[in-house]
Amino acid sequence: MNPSQTPAWKDLSQLAEAWKTRHLREVFDKDPQRAQRYVADACGIQLDYSKHRVDADTLKALFALAEQTGVAERRAAMFAGEKINNTENRAVLHVALRNRSNTPIQVDGADVMPEVNAVLDRMFAFADKLRCGLWLGRTGKAITDVVNIGIGGSDLGPLMVCEALKPYGQDDLRMHFVSNVDGAQIQQVLKKVNPETTLFIIASKTFTTIETLTNAHSARAWFLASGAAEADIAKHFVAVSTNGAAVSKFGISTDNMFGFWDWVGGRYSLWSAIGLPIILSLGPDNFRALLEGAHEMDQHFLTAPAEKNLPLLMGLIGVWYGNFLGSPSTVIAPYNQNLHRLPAYLQQLDMESNGKGVRREGEKVEYGTGPIIWGEPGINGQHAYFQLLHQGTHLIPLDFILALDQPGIDPKHHAILIASCFAQAAALMRGKTPDEVRAEFAKAGVAADKAEPLVPHKTFSGNRPSSMLLLDKLDPKHVGALIALYEHKVFVQGAVWGINSYDQWGVELGKQLATGIETALKGGGGELNYDASTQRLIALVRSRQQF
Ligand code: G6Q
């Protein structure tokens, strides 16, 4: 299905013309009910989308686009375990990992829920033992530090959630994450921890990823150099993987392995055994709450009517900007500091899923697909990149994300945080007219001849859209729901564009390329296989360094 051939696409192209001359400020002035109308709530999250360039006609056409591109059918196929990842012939079932109602979900005729529950139970038992000091290291001491070694989907999710929910963590169990193969990151962590009280989690779906295996081997060598024997590895190393053979080859017994399945995509895997660091840090009950929040969002996505369906609304509004209003980028601006890794996490989720240029059947797309996702905590962004959002030449919608409650909240700080967030969204939407700037100068007693040259510089065009996502609380349940919300937003967009959101051939390419160049750097030949620029770079490094 080519979405650009649908009647709704044509309608939206026409509607976009009208929005070229409309300003959100006037749209609000003309419609006193707008602020109440364009709000939807689910799972303790409120989406206020009133500051977007949409109205009843736009939404109607966007819902028609979802219908005409078969979003609901694809959604049903995903939840039913159909192999919607067609290029890898895999089901896409992160929803099964948090299926707290435990209804059967079949893949190849077998219910996956018993296996999902069995791995969860093993992880919970392991976590209970470790968290209460009964899992002992080789010298009989309890574990004080957990080091997760993984990259991409085997790192970003657990790291982001552990940070987001830090106040729920156990104080005497410190979490560390190592992903970069530069050697510095692992060394810095190893300097801080004691081999007698450290547990390493080697997290890799394939267990072939060079960065992860290199860091894992360094950790293993460091551990053995502390006087430990091979037999002690079982007390200090566990693996999370789908590849039992490679785990055994590395030297970790599969008794110490927590498995998952090919129907769990890396960037959708924090709900699986890849979430082990989260379970160790926050405990089984909090992990269950995280799963419950996500499951509630899954049910909401499946059952809520279009005009109240958060993932559908967010997905379609994104399509509207990307394909009709000329805006290929979205900023993620969380205001609570503990959500500081959310932009990086969502960058992977969205850009790896929908950064595709062909439809599921292989035809080239002739319309834009996945947005460019970027961001940083909004309050810091205000002192940095927000300048471009206010006065730059690009139209870039934002997702403001703010939790209205968080553990240990200090009302004095929190009021400033909330005020800043709301003020930015308002200023972006309203802007400031030249006359308002002049009035400000006049009020401050600045003479007109001094003021006038500055007027264009202090004018803000406004009409810059944003979503406001308010979480009732920054707790496991709401964070689970928030992540699932974005997963499904990405799903909706991929379904509209007719692409496969669940493969990642670009990531696979990077994995292949590095291996060949590494051989060339070590003098193993093959440098002539590369372009002239890369050959020069290889020669430069070889002239300076022996590997
Ligand atoms: C995720 C990606 C990618 C992957 C990493 C790590 O969807 O495919 O980020 O998670 O490349 O892969 P392994 O878990 O196999 O080491």
# chains A, B, ... in the order shown; residues from 1 in each chain; ligands from 1
>>> residues_near_ligand(ligand="ligand 1", cutoff="6 Å", atoms="only C-alpha atoms and all ligand atoms", output="list in words")
Ile151, Gly152, Gly153, Ser154, Ser204, Lys205, Thr206, Phe207, Thr209, Gly265, Gly266, Arg267 and Gln504 of chain A
>>> write_last_selection(atoms="C-alpha atoms", output="short mmCIF file (atom, residue, chain, number, x, y, z; two decimals), in the first residue's frame")
data_model
loop_
_atom_site.label_atom_id
_atom_site.label_comp_id
_atom_site.auth_asym_id
_atom_site.auth_seq_id
_atom_site.Cartn_x
_atom_site.Cartn_y
_atom_site.Cartn_z
CA ILE A 151 25.51 -1.78 23.30
CA GLY A 152 22.56 -0.31 21.38
CA GLY A 153 19.38 -2.11 22.33
CA SER A 154 21.30 -4.12 24.92
CA SER A 204 23.99 -9.35 23.72
CA LYS A 205 21.12 -10.77 21.72
CA THR A 206 23.47 -12.28 19.13
CA PHE A 207 26.52 -12.63 21.40
CA THR A 209 28.80 -7.95 18.74
CA GLY A 265 13.92 -6.61 18.60
CA GLY A 266 17.02 -5.15 20.27
CA ARG A 267 15.52 -1.69 20.69
CA GLN A 504 17.94 -2.75 10.92
#
>>> residues_around(residues="Ser13 (chain A)", least_positions_apart="3", cutoff="9 Å", atoms="only C-alpha atoms", output="count of residues only")
8
>>> select_by_dssp(residues="region 112-278 of chain A", states="strand (DSSP E)", output="ChimeraX atom specification")
/A:145-149,174-178,198-203,237-241,257-259
>>> closest_residue(among="A:Leu302, A:Ala426, A:Val455, A:Leu310", to="Val71 (chain A)", atoms="only C-alpha atoms")
A:Leu302
>>> residues_around(residues="region 505-517 of chain A", least_positions_apart="3", cutoff="10 Å", atoms="only C-alpha atoms", output="list in words")
Thr87, Gly152, Thr208, Thr209, Ile210, Glu211, Glu352, Gly355, Lys356, Tyr502, Ala520, Leu521, Lys522, Gly523, Gly524, Gly525, Gly526, Glu527, Asn529, Tyr530, Thr534, Gln535 and Ile538 of chain A
>>> write_last_selection(atoms="N, CA and C atoms", output="PDB file, in the first residue's frame")
ATOM      1  N   THR A  87      11.360  -8.975   6.427  1.00  0.00           N
ATOM      2  CA  THR A  87      12.697  -9.225   5.851  1.00  0.00           C
ATOM      3  C   THR A  87      13.507 -10.194   6.706  1.00  0.00           C
ATOM      4  N   GLY A 152      23.805  -0.503  22.145  1.00  0.00           N
ATOM      5  CA  GLY A 152      22.561  -0.306  21.383  1.00  0.00           C
ATOM      6  C   GLY A 152      21.372  -0.750  22.208  1.00  0.00           C
ATOM      7  N   THR A 208      27.565 -11.834  19.365  1.00  0.00           N
ATOM      8  CA  THR A 208      28.649 -11.754  18.375  1.00  0.00           C
ATOM      9  C   THR A 208      29.117 -10.303  18.227  1.00  0.00           C
ATOM     10  N   THR A 209      28.505  -9.378  18.938  1.00  0.00           N
ATOM     11  CA  THR A 209      28.800  -7.955  18.739  1.00  0.00           C
ATOM     12  C   THR A 209      30.198  -7.631  19.273  1.00  0.00           C
ATOM     13  N   ILE A 210      31.028  -7.109  18.393  1.00  0.00           N
ATOM     14  CA  ILE A 210      32.453  -6.996  18.718  1.00  0.00           C
ATOM     15  C   ILE A 210      32.731  -6.071  19.907  1.00  0.00           C
ATOM     16  N   GLU A 211      31.979  -4.976  20.006  1.00  0.00           N
ATOM     17  CA  GLU A 211      32.204  -4.037  21.112  1.00  0.00           C
ATOM     18  C   GLU A 211      31.939  -4.739  22.446  1.00  0.00           C
ATOM     19  N   GLU A 352      16.018   3.984  14.240  1.00  0.00           N
ATOM     20  CA  GLU A 352      16.398   2.654  13.760  1.00  0.00           C
ATOM     21  C   GLU A 352      15.161   1.930  13.210  1.00  0.00           C
ATOM     22  N   GLY A 355      13.831   4.648  10.033  1.00  0.00           N
ATOM     23  CA  GLY A 355      14.804   5.202   9.078  1.00  0.00           C
ATOM     24  C   GLY A 355      14.935   4.254   7.896  1.00  0.00           C
ATOM     25  N   LYS A 356      13.901   4.162   7.107  1.00  0.00           N
ATOM     26  CA  LYS A 356      13.853   3.195   6.000  1.00  0.00           C
ATOM     27  C   LYS A 356      13.440   3.912   4.708  1.00  0.00           C
ATOM     28  N   TYR A 502      10.926  -3.036  11.806  1.00  0.00           N
ATOM     29  CA  TYR A 502      11.538  -3.967  12.763  1.00  0.00           C
ATOM     30  C   TYR A 502      12.815  -4.638  12.273  1.00  0.00           C
ATOM     31  N   ALA A 520      42.568  -4.998   8.261  1.00  0.00           N
ATOM     32  CA  ALA A 520      43.509  -4.175   7.499  1.00  0.00           C
ATOM     33  C   ALA A 520      44.400  -3.360   8.434  1.00  0.00           C
ATOM     34  N   LEU A 521      43.828  -2.827   9.515  1.00  0.00           N
ATOM     35  CA  LEU A 521      44.628  -2.037  10.466  1.00  0.00           C
ATOM     36  C   LEU A 521      45.728  -2.888  11.101  1.00  0.00           C
ATOM     37  N   LYS A 522      45.415  -4.166  11.266  1.00  0.00           N
ATOM     38  CA  LYS A 522      46.391  -5.056  11.901  1.00  0.00           C
ATOM     39  C   LYS A 522      47.396  -5.598  10.885  1.00  0.00           C
ATOM     40  N   GLY A 523      47.307  -5.096   9.643  1.00  0.00           N
ATOM     41  CA  GLY A 523      48.266  -5.532   8.622  1.00  0.00           C
ATOM     42  C   GLY A 523      47.869  -6.835   7.958  1.00  0.00           C
ATOM     43  N   GLY A 524      46.640  -7.242   8.159  1.00  0.00           N
ATOM     44  CA  GLY A 524      46.181  -8.517   7.598  1.00  0.00           C
ATOM     45  C   GLY A 524      45.753  -8.415   6.144  1.00  0.00           C
ATOM     46  N   GLY A 525      45.950  -7.267   5.517  1.00  0.00           N
ATOM     47  CA  GLY A 525      45.574  -7.095   4.117  1.00  0.00           C
ATOM     48  C   GLY A 525      44.123  -6.704   3.959  1.00  0.00           C
ATOM     49  N   GLY A 526      43.739  -6.543   2.711  1.00  0.00           N
ATOM     50  CA  GLY A 526      42.337  -6.219   2.436  1.00  0.00           C
ATOM     51  C   GLY A 526      42.078  -4.734   2.308  1.00  0.00           C
ATOM     52  N   GLU A 527      43.116  -3.886   2.559  1.00  0.00           N
ATOM     53  CA  GLU A 527      42.855  -2.444   2.512  1.00  0.00           C
ATOM     54  C   GLU A 527      42.437  -1.969   1.118  1.00  0.00           C
ATOM     55  N   ASN A 529      40.350  -3.200  -0.684  1.00  0.00           N
ATOM     56  CA  ASN A 529      38.910  -3.372  -0.884  1.00  0.00           C
ATOM     57  C   ASN A 529      38.140  -2.079  -0.617  1.00  0.00           C
ATOM     58  N   TYR A 530      38.834  -1.087  -0.060  1.00  0.00           N
ATOM     59  CA  TYR A 530      38.124   0.129   0.345  1.00  0.00           C
ATOM     60  C   TYR A 530      38.403   1.272  -0.617  1.00  0.00           C
ATOM     61  N   THR A 534      39.283   5.879   2.483  1.00  0.00           N
ATOM     62  CA  THR A 534      39.417   4.941   3.606  1.00  0.00           C
ATOM     63  C   THR A 534      40.808   4.292   3.597  1.00  0.00           C
ATOM     64  N   GLN A 535      41.313   4.008   2.393  1.00  0.00           N
ATOM     65  CA  GLN A 535      42.672   3.441   2.302  1.00  0.00           C
ATOM     66  C   GLN A 535      43.688   4.399   2.916  1.00  0.00           C
ATOM     67  N   ILE A 538      43.438   4.248   6.675  1.00  0.00           N
ATOM     68  CA  ILE A 538      44.029   3.008   7.195  1.00  0.00           C
ATOM     69  C   ILE A 538      45.561   3.147   7.197  1.00  0.00           C
TER      70      ILE A 538
END
>>> atom_distance(atom1="CA of His488 (chain A)", atom2="CA of Ile373 (chain A)")
15.7 Å
>>> closest_residue(among="A:Ile202, A:Leu346, A:Val319, A:Ile409", to="Ile252 (chain A)", atoms="only C-alpha atoms")
A:Ile202
>>> residues_around(residues="Gln170 (chain A)", least_positions_apart="3", cutoff="10 Å", atoms="only C-alpha atoms", output="MDAnalysis selection string")
chainID A and resid 131 166:167 173:175 280:283
>>> residues_around(residues="Met297 (chain A)", least_positions_apart="5", cutoff="12 Å", atoms="only C-alpha atoms", output="PyMOL selection string")
chain A and resi 41-45+95+98-100+290-292+302-304+309-312+477-489
>>> closest_residue(among="A:Pro476, A:Val492, A:Tyr38, A:Ala539", to="Ala289 (chain A)", atoms="only C-alpha atoms")
A:Pro476
>>> residues_around(residues="Lys129 (chain A)", least_positions_apart="4", cutoff="12 Å", atoms="only C-alpha atoms", output="NGL selection string")
:A and (122-125 or 133-136 or 142-143 or 279-280 or 283-284)
>>> select_by_dssp(residues="region 357-397 of chain A", states="helix (DSSP H, G or I)", output="number ranges by chain")
A: 378-381, 386-391
>>> write_last_selection(atoms="C-alpha atoms", output="PDB file, in the first residue's frame")
ATOM      1  CA  GLY A 378      14.483  20.706  28.261  1.00  0.00           C
ATOM      2  CA  ILE A 379      15.574  22.911  31.109  1.00  0.00           C
ATOM      3  CA  ASN A 380      19.201  22.677  29.926  1.00  0.00           C
ATOM      4  CA  GLY A 381      18.048  22.967  26.316  1.00  0.00           C
ATOM      5  CA  PHE A 386      16.130  26.205  22.173  1.00  0.00           C
ATOM      6  CA  GLN A 387      17.392  29.393  20.475  1.00  0.00           C
ATOM      7  CA  LEU A 388      17.114  27.651  17.110  1.00  0.00           C
ATOM      8  CA  LEU A 389      13.645  26.393  17.962  1.00  0.00           C
ATOM      9  CA  HIS A 390      12.451  29.917  18.820  1.00  0.00           C
ATOM     10  CA  GLN A 391      14.044  31.958  16.057  1.00  0.00           C
TER      11      GLN A 391
END
>>> residues_around(residues="Tyr49 (chain A)", least_positions_apart="4", cutoff="7 Å", atoms="only C-alpha atoms", output="list in words")
Tyr38, Val39, Ser467 and Met468 of chain A
>>> closest_residue(among="A:Val27, A:Val446, A:Ile105, A:Leu97", to="Val264 (chain A)", atoms="only C-alpha atoms")
A:Leu97
>>> closest_atom_pairs(of="region 308-403 of chain A", to="region 496-501 of chain A", cutoff="12 Å", atoms="only C-alpha atoms", output="Markdown table")
| residue | atom | partner | partner_atom | distance |
| --- | --- | --- | --- | --- |
| A:Leu312 | CA | A:Val496 | CA | 10.5 |
| A:Gly315 | CA | A:Val496 | CA | 9.0 |
| A:Leu316 | CA | A:Val496 | CA | 8.4 |
| A:Ile317 | CA | A:Val496 | CA | 11.8 |
| A:Gly318 | CA | A:Val496 | CA | 11.0 |
| A:Val319 | CA | A:Val496 | CA | 8.3 |
| A:Trp320 | CA | A:Val496 | CA | 11.1 |
| A:Gly322 | CA | A:Trp497 | CA | 11.2 |
| A:Asn323 | CA | A:Trp497 | CA | 10.1 |
| A:Gln348 | CA | A:Ser501 | CA | 11.8 |
| A:Leu349 | CA | A:Ser501 | CA | 9.6 |
| A:Asp350 | CA | A:Ser501 | CA | 8.7 |
| A:Met351 | CA | A:Ser501 | CA | 9.3 |
| A:Glu352 | CA | A:Ser501 | CA | 7.7 |
| A:Ser353 | CA | A:Ser501 | CA | 4.2 |
| A:Asn354 | CA | A:Ser501 | CA | 5.2 |
| A:Gly355 | CA | A:Ser501 | CA | 8.1 |
| A:Lys356 | CA | A:Ile499 | CA | 6.9 |
| A:Gly357 | CA | A:Ile499 | CA | 8.0 |
| A:Val358 | CA | A:Ile499 | CA | 6.5 |
| A:Arg359 | CA | A:Ile499 | CA | 4.3 |
| A:Arg360 | CA | A:Ile499 | CA | 4.8 |
| A:Glu361 | CA | A:Ile499 | CA | 8.3 |
| A:Gly362 | CA | A:Ile499 | CA | 8.8 |
| A:Glu363 | CA | A:Ile499 | CA | 9.7 |
| A:Lys364 | CA | A:Ile499 | CA | 10.0 |
| A:Val365 | CA | A:Trp497 | CA | 8.2 |
| A:Glu366 | CA | A:Trp497 | CA | 10.1 |
| A:Tyr367 | CA | A:Trp497 | CA | 8.4 |
| A:Gly368 | CA | A:Trp497 | CA | 8.5 |
| A:Thr369 | CA | A:Trp497 | CA | 6.7 |
| A:Gly370 | CA | A:Trp497 | CA | 9.0 |
>>> closest_residue(among="A:Ala439, A:Ile372, A:Leu59, A:Ala225", to="Ser329 (chain A)", atoms="only C-alpha atoms")
A:Ile372
>>> closest_atom_pairs(of="region 119-164 of chain A", to="region 183-199 of chain A", cutoff="10 Å", atoms="only C-alpha atoms", output="CSV")
residue,atom,partner,partner_atom,distance
A:Leu130,CA,A:Leu199,CA,9.6
A:Trp135,CA,A:Leu199,CA,9.9
A:Leu136,CA,A:Thr197,CA,7.9
A:Gly137,CA,A:Glu196,CA,5.7
A:Arg138,CA,A:Glu196,CA,6.3
A:Thr139,CA,A:Glu196,CA,6.3
A:Gly140,CA,A:Glu196,CA,8.3
A:Lys141,CA,A:Thr197,CA,6.2
A:Ala142,CA,A:Thr197,CA,6.0
A:Ile143,CA,A:Thr197,CA,4.4
A:Thr144,CA,A:Thr197,CA,5.5
A:Asp145,CA,A:Thr198,CA,4.8
A:Val146,CA,A:Leu199,CA,4.8
A:Val147,CA,A:Leu199,CA,6.3
A:Asn148,CA,A:Leu199,CA,8.6
A:Ile149,CA,A:Ile186,CA,8.8
